[in-house]
Amino acid sequence: MAEPEKLTIVMFSGDMDKALAGFILATTGASMGMDVTIFFTFWGLNIIKRNEGPIKSKGIIRKMFNIINRGGAKRLSLSKFNFLGLGPWMISKLMKETHTPTVDELIKMAQEMGVTLVPCSTSCGLLGVPEDAFRDGVMSLAGAAYFLNEARQSKVTLFI
Amino acid sequence: MAEPEKLTIVMFSGDMDKALAGFILATTGASMGMDVTIFFTFWGLNIIKRNEGPIKSKGIIRKMFNIINRGGAKRLSLSKFNFLGLGPWMISKLMKETHTPTVDELIKMAQEMGVTLVPCSTSCGLLGVPEDAFRDGVMSLAGAAYFLNEARQSKVTLFI
Amino acid sequence: MAEPEKLTIVMFSGDMDKALAGFILATTGASMGMDVTIFFTFWGLNIIKRNEGPIKSKGIIRKMFNIINRGGAKRLSLSKFNFLGLGPWMISKLMKETHTPTVDELIKMAQEMGVTLVPCSTSCGLLGVPEDAFRDGVMSLAGAAYFLNEARQSKVTLFI
């Protein structure tokens, strides 16, 4: 049997709209039999954080940063029309009305379909995100070399 | 004769500067003999909407959303320095001065060169954009599976 | 000996966080033996400008534009949480604390590792950036056809 084709996504953005796009592509790829990996870096790490309070950390800057950059799939903003939450609220209404799954639901679907979710080790180090801040089922941290090695074997690679 | 190489672009952003980049790459690819497809999703749908008034729709949220998210190639903002229209106005001046074609002109050029423009069906459903909101010559709606199938056959795939 | 595999990056964004991501990928690719090219376009041109005063230019719009769009690796903002400089300041603190190299240092490392840095000729024409605005070692200007020709030979192509 032929190896399944690979789809590799770098999820750099932590915006709700871009997360939607990334997970719709990932779950569609998986349903087409592709071997899908999403590599979460920088703001993208917020998408796969547990929906909990801000990470506890030492140092005033890290504390401040972890409050403004709290994360969790249920707490993402939009890349456009954010307007203090008005845009995300409108989009959520439209999603409910059209029965579009939420990012939180799409993550669960992706995990059930075998999509590999990998947090970037360099970003976690820089932003002070410990490994246990992530949802269950998320892989161990890996670096840029891991991503590039996946990408060079992939049919499709996207930076979102 | 060999099959032409494929270039596939996801146009997620609806910003004028990113639309410029996307269409300059698309028309350059077409002029090099590549088979080019642009798949418009989310805010990117605005780029290929007709330059007309907001879409008529039912429900107060959809109505509000279609007013703030009106679209049309002649009504795009910038990803940076938007400043209530000052940035786009400055860029337009610079474009005129350097004889850079506008996004509206680039779309026409791309269509004449055989670039395939496809709106994402899921985004259209979610945002309530009917098929007749798009410019003449735009293809029928298609989903993420259509895009991934194009992308896996492409030499170059970009997410913009 | 086999040809080295190519990694080609379009650096469209001029944000500090995206520049970090681009240069970490570029230097990692080079350390893995890949042949790496970064093609700088639009706001991305700011990353490889010399850390000097604004470009001198004629015409009031160009003058205004070159002041707000001054550039230089040491003067980049964040794609998120920019808050009049608070975000970049916090990130700089976190970078210092975790010994993460700055964008300025990463550019030097990339150049020492043989990463090719190419400014987009169309963007330079539009934005009025002369060739001598760029750091030493940056290649001559090249257009979209140059990029697409690199990309079609690449194992991995990313639009950042």
# chains A, B, ... in the order shown; residues from 1 in each chain; ligands from 1
>>> interface_residues(of="chain C", to="chain A", cutoff="9 Å", atoms="only C-alpha atoms", output="PyMOL selection string")
chain C and resi 5+7+17-18+21+24-25+28-29+31-32+80-81+87+90-91+93-95+97-100+154-160
>>> residues_around(residues="segment 105-109 of chain A", least_positions_apart="5", cutoff="8 Å", atoms="only C-alpha atoms", output="PyMOL selection string")
chain A and resi 20+23-24+27
>>> write_last_selection(atoms="all heavy atoms", output="PDB file, in the first residue's frame")
ATOM      1  N   LEU A  20     -10.102  28.484  12.484  1.00  0.00           N
ATOM      2  CA  LEU A  20     -11.190  27.806  11.757  1.00  0.00           C
ATOM      3  C   LEU A  20     -10.680  27.281  10.418  1.00  0.00           C
ATOM      4  O   LEU A  20     -10.872  26.103  10.086  1.00  0.00           O
ATOM      5  CB  LEU A  20     -12.321  28.792  11.462  1.00  0.00           C
ATOM      6  CG  LEU A  20     -13.533  28.814  12.360  1.00  0.00           C
ATOM      7  CD1 LEU A  20     -14.546  29.826  11.828  1.00  0.00           C
ATOM      8  CD2 LEU A  20     -14.190  27.435  12.455  1.00  0.00           C
ATOM      9  N   PHE A  23      -8.212  24.317  10.886  1.00  0.00           N
ATOM     10  CA  PHE A  23      -8.805  23.052  11.304  1.00  0.00           C
ATOM     11  C   PHE A  23      -9.784  22.493  10.274  1.00  0.00           C
ATOM     12  O   PHE A  23      -9.944  21.284  10.177  1.00  0.00           O
ATOM     13  CB  PHE A  23      -9.428  23.172  12.697  1.00  0.00           C
ATOM     14  CG  PHE A  23      -8.419  22.959  13.783  1.00  0.00           C
ATOM     15  CD1 PHE A  23      -7.776  24.023  14.382  1.00  0.00           C
ATOM     16  CD2 PHE A  23      -8.049  21.669  14.148  1.00  0.00           C
ATOM     17  CE1 PHE A  23      -6.813  23.825  15.359  1.00  0.00           C
ATOM     18  CE2 PHE A  23      -7.089  21.454  15.124  1.00  0.00           C
ATOM     19  CZ  PHE A  23      -6.463  22.530  15.726  1.00  0.00           C
ATOM     20  N   ILE A  24     -10.430  23.375   9.504  1.00  0.00           N
ATOM     21  CA  ILE A  24     -11.293  22.858   8.421  1.00  0.00           C
ATOM     22  C   ILE A  24     -10.411  22.173   7.368  1.00  0.00           C
ATOM     23  O   ILE A  24     -10.715  21.068   6.904  1.00  0.00           O
ATOM     24  CB  ILE A  24     -12.175  23.980   7.832  1.00  0.00           C
ATOM     25  CG1 ILE A  24     -13.267  24.361   8.848  1.00  0.00           C
ATOM     26  CG2 ILE A  24     -12.801  23.544   6.497  1.00  0.00           C
ATOM     27  CD1 ILE A  24     -14.112  25.568   8.461  1.00  0.00           C
ATOM     28  N   THR A  27      -9.067  18.773   9.012  1.00  0.00           N
ATOM     29  CA  THR A  27     -10.039  17.684   9.098  1.00  0.00           C
ATOM     30  C   THR A  27     -10.446  17.212   7.696  1.00  0.00           C
ATOM     31  O   THR A  27     -10.647  16.019   7.483  1.00  0.00           O
ATOM     32  CB  THR A  27     -11.290  18.098   9.909  1.00  0.00           C
ATOM     33  OG1 THR A  27     -11.778  19.347   9.406  1.00  0.00           O
ATOM     34  CG2 THR A  27     -10.968  18.267  11.385  1.00  0.00           C
TER      35      THR A  27
END
>>> select_by_dssp(residues="chain B", states="strand (DSSP E or B)", output="NGL selection string")
:B and (6-11 or 35-40 or 49 or 116-120 or 134 or 142 or 156-159)
>>> residues_around(residues="Ser57 of chain B", least_positions_apart="6", cutoff="9 Å", atoms="only C-alpha atoms", output="list of chain:residue names")
B:Lys63, B:Asn66, B:Gly128, B:Val129
>>> write_last_selection(atoms="N, CA, C and O atoms", output="PDB file, in the first residue's frame")
ATOM      1  N   LYS B  63     -27.287  41.430   8.592  1.00  0.00           N
ATOM      2  CA  LYS B  63     -27.387  42.765   7.984  1.00  0.00           C
ATOM      3  C   LYS B  63     -26.211  43.638   8.427  1.00  0.00           C
ATOM      4  O   LYS B  63     -25.533  44.253   7.614  1.00  0.00           O
ATOM      5  N   ASN B  66     -22.922  42.334   6.990  1.00  0.00           N
ATOM      6  CA  ASN B  66     -22.738  42.617   5.562  1.00  0.00           C
ATOM      7  C   ASN B  66     -22.468  44.092   5.289  1.00  0.00           C
ATOM      8  O   ASN B  66     -21.916  44.422   4.237  1.00  0.00           O
ATOM      9  N   GLY B 128     -22.912  34.084   4.656  1.00  0.00           N
ATOM     10  CA  GLY B 128     -24.147  34.443   3.956  1.00  0.00           C
ATOM     11  C   GLY B 128     -23.910  35.182   2.655  1.00  0.00           C
ATOM     12  O   GLY B 128     -24.620  36.135   2.337  1.00  0.00           O
ATOM     13  N   VAL B 129     -22.899  34.766   1.888  1.00  0.00           N
ATOM     14  CA  VAL B 129     -22.624  35.408   0.605  1.00  0.00           C
ATOM     15  C   VAL B 129     -23.218  34.547  -0.512  1.00  0.00           C
ATOM     16  O   VAL B 129     -22.801  33.406  -0.704  1.00  0.00           O
TER      17      VAL B 129
END
>>> residues_around(residues="Val138 of chain C", least_positions_apart="2", cutoff="7 Å", atoms="only C-alpha atoms", output="PyMOL selection string")
chain C and resi 117-118+134-136+140
>>> atom_distance(atom1="atom CA of Gly114 of chain C", atom2="atom CA of Ile48 of chain C")
15.4 Å
>>> select_by_dssp(residues="segment 9-116 of chain C", states="alpha helix (DSSP H)", output="count of residues only")
47
>>> atom_distance(atom1="atom CA of Ile55 of chain B", atom2="atom CA of Cys120 of chain B")
17.1 Å
>>> atom_distance(atom1="atom CA of Ile38 of chain C", atom2="atom CA of Met16 of chain C")
15.5 Å
>>> residues_around(residues="Gly72 of chain A", least_positions_apart="6", cutoff="6 Å", atoms="only C-alpha atoms", output="PyMOL selection string")
chain A and resi 46-47+49-51
>>> decode(residues="segment 94-117 of chain A", atoms="N, CA, C and O atoms", output="PDB file, in the first residue's frame")
ATOM      1  N   LEU A  94     -23.301  33.640  13.722  1.00  0.00           N
ATOM      2  CA  LEU A  94     -23.429  33.107  12.359  1.00  0.00           C
ATOM      3  C   LEU A  94     -23.035  31.623  12.316  1.00  0.00           C
ATOM      4  O   LEU A  94     -23.642  30.828  11.611  1.00  0.00           O
ATOM      5  N   MET A  95     -22.006  31.259  13.099  1.00  0.00           N
ATOM      6  CA  MET A  95     -21.576  29.857  13.139  1.00  0.00           C
ATOM      7  C   MET A  95     -22.668  28.967  13.710  1.00  0.00           C
ATOM      8  O   MET A  95     -22.928  27.890  13.196  1.00  0.00           O
ATOM      9  N   LYS A  96     -23.313  29.441  14.790  1.00  0.00           N
ATOM     10  CA  LYS A  96     -24.376  28.663  15.413  1.00  0.00           C
ATOM     11  C   LYS A  96     -25.534  28.477  14.428  1.00  0.00           C
ATOM     12  O   LYS A  96     -26.051  27.372  14.232  1.00  0.00           O
ATOM     13  N   GLU A  97     -25.893  29.573  13.767  1.00  0.00           N
ATOM     14  CA  GLU A  97     -27.019  29.589  12.818  1.00  0.00           C
ATOM     15  C   GLU A  97     -26.772  28.643  11.640  1.00  0.00           C
ATOM     16  O   GLU A  97     -27.699  28.042  11.107  1.00  0.00           O
ATOM     17  N   THR A  98     -25.511  28.537  11.190  1.00  0.00           N
ATOM     18  CA  THR A  98     -25.193  27.699  10.023  1.00  0.00           C
ATOM     19  C   THR A  98     -24.653  26.333  10.441  1.00  0.00           C
ATOM     20  O   THR A  98     -24.161  25.585   9.609  1.00  0.00           O
ATOM     21  N   HIS A  99     -24.747  26.038  11.759  1.00  0.00           N
ATOM     22  CA  HIS A  99     -24.269  24.753  12.280  1.00  0.00           C
ATOM     23  C   HIS A  99     -22.806  24.485  11.926  1.00  0.00           C
ATOM     24  O   HIS A  99     -22.420  23.345  11.671  1.00  0.00           O
ATOM     25  N   THR A 100     -21.992  25.565  11.865  1.00  0.00           N
ATOM     26  CA  THR A 100     -20.545  25.400  11.672  1.00  0.00           C
ATOM     27  C   THR A 100     -19.944  25.007  13.016  1.00  0.00           C
ATOM     28  O   THR A 100     -20.231  25.648  14.020  1.00  0.00           O
ATOM     29  N   PRO A 101     -19.134  23.945  13.058  1.00  0.00           N
ATOM     30  CA  PRO A 101     -18.527  23.575  14.350  1.00  0.00           C
ATOM     31  C   PRO A 101     -17.596  24.673  14.857  1.00  0.00           C
ATOM     32  O   PRO A 101     -16.981  25.392  14.073  1.00  0.00           O
ATOM     33  N   THR A 102     -17.500  24.812  16.175  1.00  0.00           N
ATOM     34  CA  THR A 102     -16.582  25.789  16.774  1.00  0.00           C
ATOM     35  C   THR A 102     -15.149  25.263  16.682  1.00  0.00           C
ATOM     36  O   THR A 102     -14.931  24.074  16.407  1.00  0.00           O
ATOM     37  N   VAL A 103     -14.183  26.153  16.957  1.00  0.00           N
ATOM     38  CA  VAL A 103     -12.780  25.727  16.959  1.00  0.00           C
ATOM     39  C   VAL A 103     -12.584  24.614  17.984  1.00  0.00           C
ATOM     40  O   VAL A 103     -11.914  23.608  17.716  1.00  0.00           O
ATOM     41  N   ASP A 104     -13.209  24.774  19.155  1.00  0.00           N
ATOM     42  CA  ASP A 104     -13.093  23.758  20.205  1.00  0.00           C
ATOM     43  C   ASP A 104     -13.575  22.392  19.695  1.00  0.00           C
ATOM     44  O   ASP A 104     -12.920  21.371  19.909  1.00  0.00           O
ATOM     45  N   GLU A 105     -14.722  22.385  19.001  1.00  0.00           N
ATOM     46  CA  GLU A 105     -15.263  21.124  18.454  1.00  0.00           C
ATOM     47  C   GLU A 105     -14.369  20.588  17.332  1.00  0.00           C
ATOM     48  O   GLU A 105     -14.148  19.374  17.224  1.00  0.00           O
ATOM     49  N   LEU A 106     -13.856  21.498  16.497  1.00  0.00           N
ATOM     50  CA  LEU A 106     -12.998  21.065  15.388  1.00  0.00           C
ATOM     51  C   LEU A 106     -11.706  20.423  15.899  1.00  0.00           C
ATOM     52  O   LEU A 106     -11.192  19.474  15.292  1.00  0.00           O
ATOM     53  N   ILE A 107     -11.175  20.950  17.018  1.00  0.00           N
ATOM     54  CA  ILE A 107      -9.953  20.358  17.579  1.00  0.00           C
ATOM     55  C   ILE A 107     -10.243  18.914  17.996  1.00  0.00           C
ATOM     56  O   ILE A 107      -9.468  18.002  17.691  1.00  0.00           O
ATOM     57  N   LYS A 108     -11.387  18.724  18.682  1.00  0.00           N
ATOM     58  CA  LYS A 108     -11.752  17.356  19.102  1.00  0.00           C
ATOM     59  C   LYS A 108     -11.917  16.444  17.893  1.00  0.00           C
ATOM     60  O   LYS A 108     -11.413  15.308  17.875  1.00  0.00           O
ATOM     61  N   MET A 109     -12.626  16.929  16.848  1.00  0.00           N
ATOM     62  CA  MET A 109     -12.805  16.136  15.623  1.00  0.00           C
ATOM     63  C   MET A 109     -11.455  15.775  15.016  1.00  0.00           C
ATOM     64  O   MET A 109     -11.213  14.629  14.637  1.00  0.00           O
ATOM     65  N   ALA A 110     -10.562  16.781  14.924  1.00  0.00           N
ATOM     66  CA  ALA A 110      -9.244  16.560  14.325  1.00  0.00           C
ATOM     67  C   ALA A 110      -8.493  15.482  15.101  1.00  0.00           C
ATOM     68  O   ALA A 110      -7.892  14.568  14.507  1.00  0.00           O
ATOM     69  N   GLN A 111      -8.555  15.563  16.435  1.00  0.00           N
ATOM     70  CA  GLN A 111      -7.843  14.567  17.248  1.00  0.00           C
ATOM     71  C   GLN A 111      -8.418  13.166  17.044  1.00  0.00           C
ATOM     72  O   GLN A 111      -7.669  12.200  16.928  1.00  0.00           O
ATOM     73  N   GLU A 112      -9.752  13.070  16.944  1.00  0.00           N
ATOM     74  CA  GLU A 112     -10.387  11.762  16.704  1.00  0.00           C
ATOM     75  C   GLU A 112      -9.994  11.200  15.336  1.00  0.00           C
ATOM     76  O   GLU A 112      -9.940   9.992  15.148  1.00  0.00           O
ATOM     77  N   MET A 113      -9.742  12.106  14.372  1.00  0.00           N
ATOM     78  CA  MET A 113      -9.380  11.678  13.017  1.00  0.00           C
ATOM     79  C   MET A 113      -7.873  11.428  12.877  1.00  0.00           C
ATOM     80  O   MET A 113      -7.401  11.130  11.791  1.00  0.00           O
ATOM     81  N   GLY A 114      -7.135  11.594  13.982  1.00  0.00           N
ATOM     82  CA  GLY A 114      -5.713  11.269  13.944  1.00  0.00           C
ATOM     83  C   GLY A 114      -4.799  12.399  13.502  1.00  0.00           C
ATOM     84  O   GLY A 114      -3.626  12.164  13.181  1.00  0.00           O
ATOM     85  N   VAL A 115      -5.310  13.627  13.477  1.00  0.00           N
ATOM     86  CA  VAL A 115      -4.446  14.767  13.151  1.00  0.00           C
ATOM     87  C   VAL A 115      -3.454  14.970  14.301  1.00  0.00           C
ATOM     88  O   VAL A 115      -3.845  14.967  15.467  1.00  0.00           O
ATOM     89  N   THR A 116      -2.165  15.125  13.963  1.00  0.00           N
ATOM     90  CA  THR A 116      -1.118  15.303  14.971  1.00  0.00           C
ATOM     91  C   THR A 116      -0.960  16.784  15.307  1.00  0.00           C
ATOM     92  O   THR A 116      -0.747  17.600  14.414  1.00  0.00           O
ATOM     93  N   LEU A 117      -1.083  17.124  16.586  1.00  0.00           N
ATOM     94  CA  LEU A 117      -0.976  18.517  17.033  1.00  0.00           C
ATOM     95  C   LEU A 117       0.323  18.676  17.826  1.00  0.00           C
ATOM     96  O   LEU A 117       0.497  18.029  18.861  1.00  0.00           O
TER      97      LEU A 117
END
